[in-house]
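Asks: Below you will find the structure I want to go over with you.
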Amino acid sequence: MGGTFDPIHHGHLVAASEVQGWFDLDEVVFVPTGQPWQKADRDVSPAEHRYLMTVIATAANPRFTVSRVDIDRAGPTYTIDTLRDLRAQRPDADLYFITGADALTDIFSWRDADEVFALAHFVGCTRPGADMDPATLAKIPHDRVTMVEVPALAISSTDCRERQRAGQPVWYLVPDGVVQYITKHGLYAPDTTGTEPE
Ligand code: ATP
Ligand code: MG
């Protein structure tokens, strides 16, 4: 499951857990993006913070792991590179790339779309307010993509960041340990990206 995870929240975790169950996946690998080229319009928190919050959020689930492949690779993250790296580490695995319906909409901005679809089966999670436009849906190869409806959790990282900036609680939107991590490092305070992790 790829994402910026700035911060990871219960929408991500519920979606991952649901897809794990539906497809009976052995492992769900959370892959925080490196420099998110599709979000160049805003400052994204340092990768190490996003990685550590993802580790904290997933630590209790024996089927959840976190991969550094994207944050350790220099330059912008492309899904093709993520899939190649995960494939190299798990040569015998059937790969499912879990993502949100909104991210699938960007699919034609991805490099090497044909190889991307050859390397993994795509699972697009829908959430409230993120319906895909029918024209894009029509172009996606249906044998390589499954759309699934996850329980409606109207949570986004954007909303979590805005709440934190405004001094409103993010408790219960993100795991408790992530709330504490955000506070400890001063993330999402006005005009700052927080202190560096140690
Ligand atoms: P931002 O608001 O910064 O874009 P986000 O909440 O969309 O953050 P991302 O890290 O961009 O979080 O999400 C990774 C993937 O998880 C995306 O493909 C997104 O569509 C999906 N996702 C995010 N929130 C939910 C949710 N509440 N339910 C289902 N899928 C979600
Ligand atoms: Mg998003």
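In the structure tokens, chains take letters A, B, ... by order of appearance, with residues numbered from 1 within each chain and ligands from 1 in the order shown.
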Produce as a PyMOL selection string the set of residues near ligand 1, where near means within 9 Å with only C-alpha atoms and all ligand atoms considered.
Replies: chain A and resi 1-16+32-33+39+44+98-104+124-128+130+149-161
Asks: Could you list, as a compact mmCIF listing (two decimals) with C-alpha atoms, in the first residue's frame, every residue within 7 Å of Val29 in chain A, counting only C-alpha atoms and ignoring same-chain residues fewer than 6 positions away?
Replies:
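Result file is around_35.txt:
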# COMPACT_ATOMS: atom_id res chain seq x y z
CA MET A 1 0.00 0.00 0.00
CA PHE A 64 1.51 -5.30 8.44
CA THR A 65 5.08 -4.27 7.62
CA VAL A 66 6.68 -1.05 6.39
CA SER A 67 9.15 -0.77 3.51
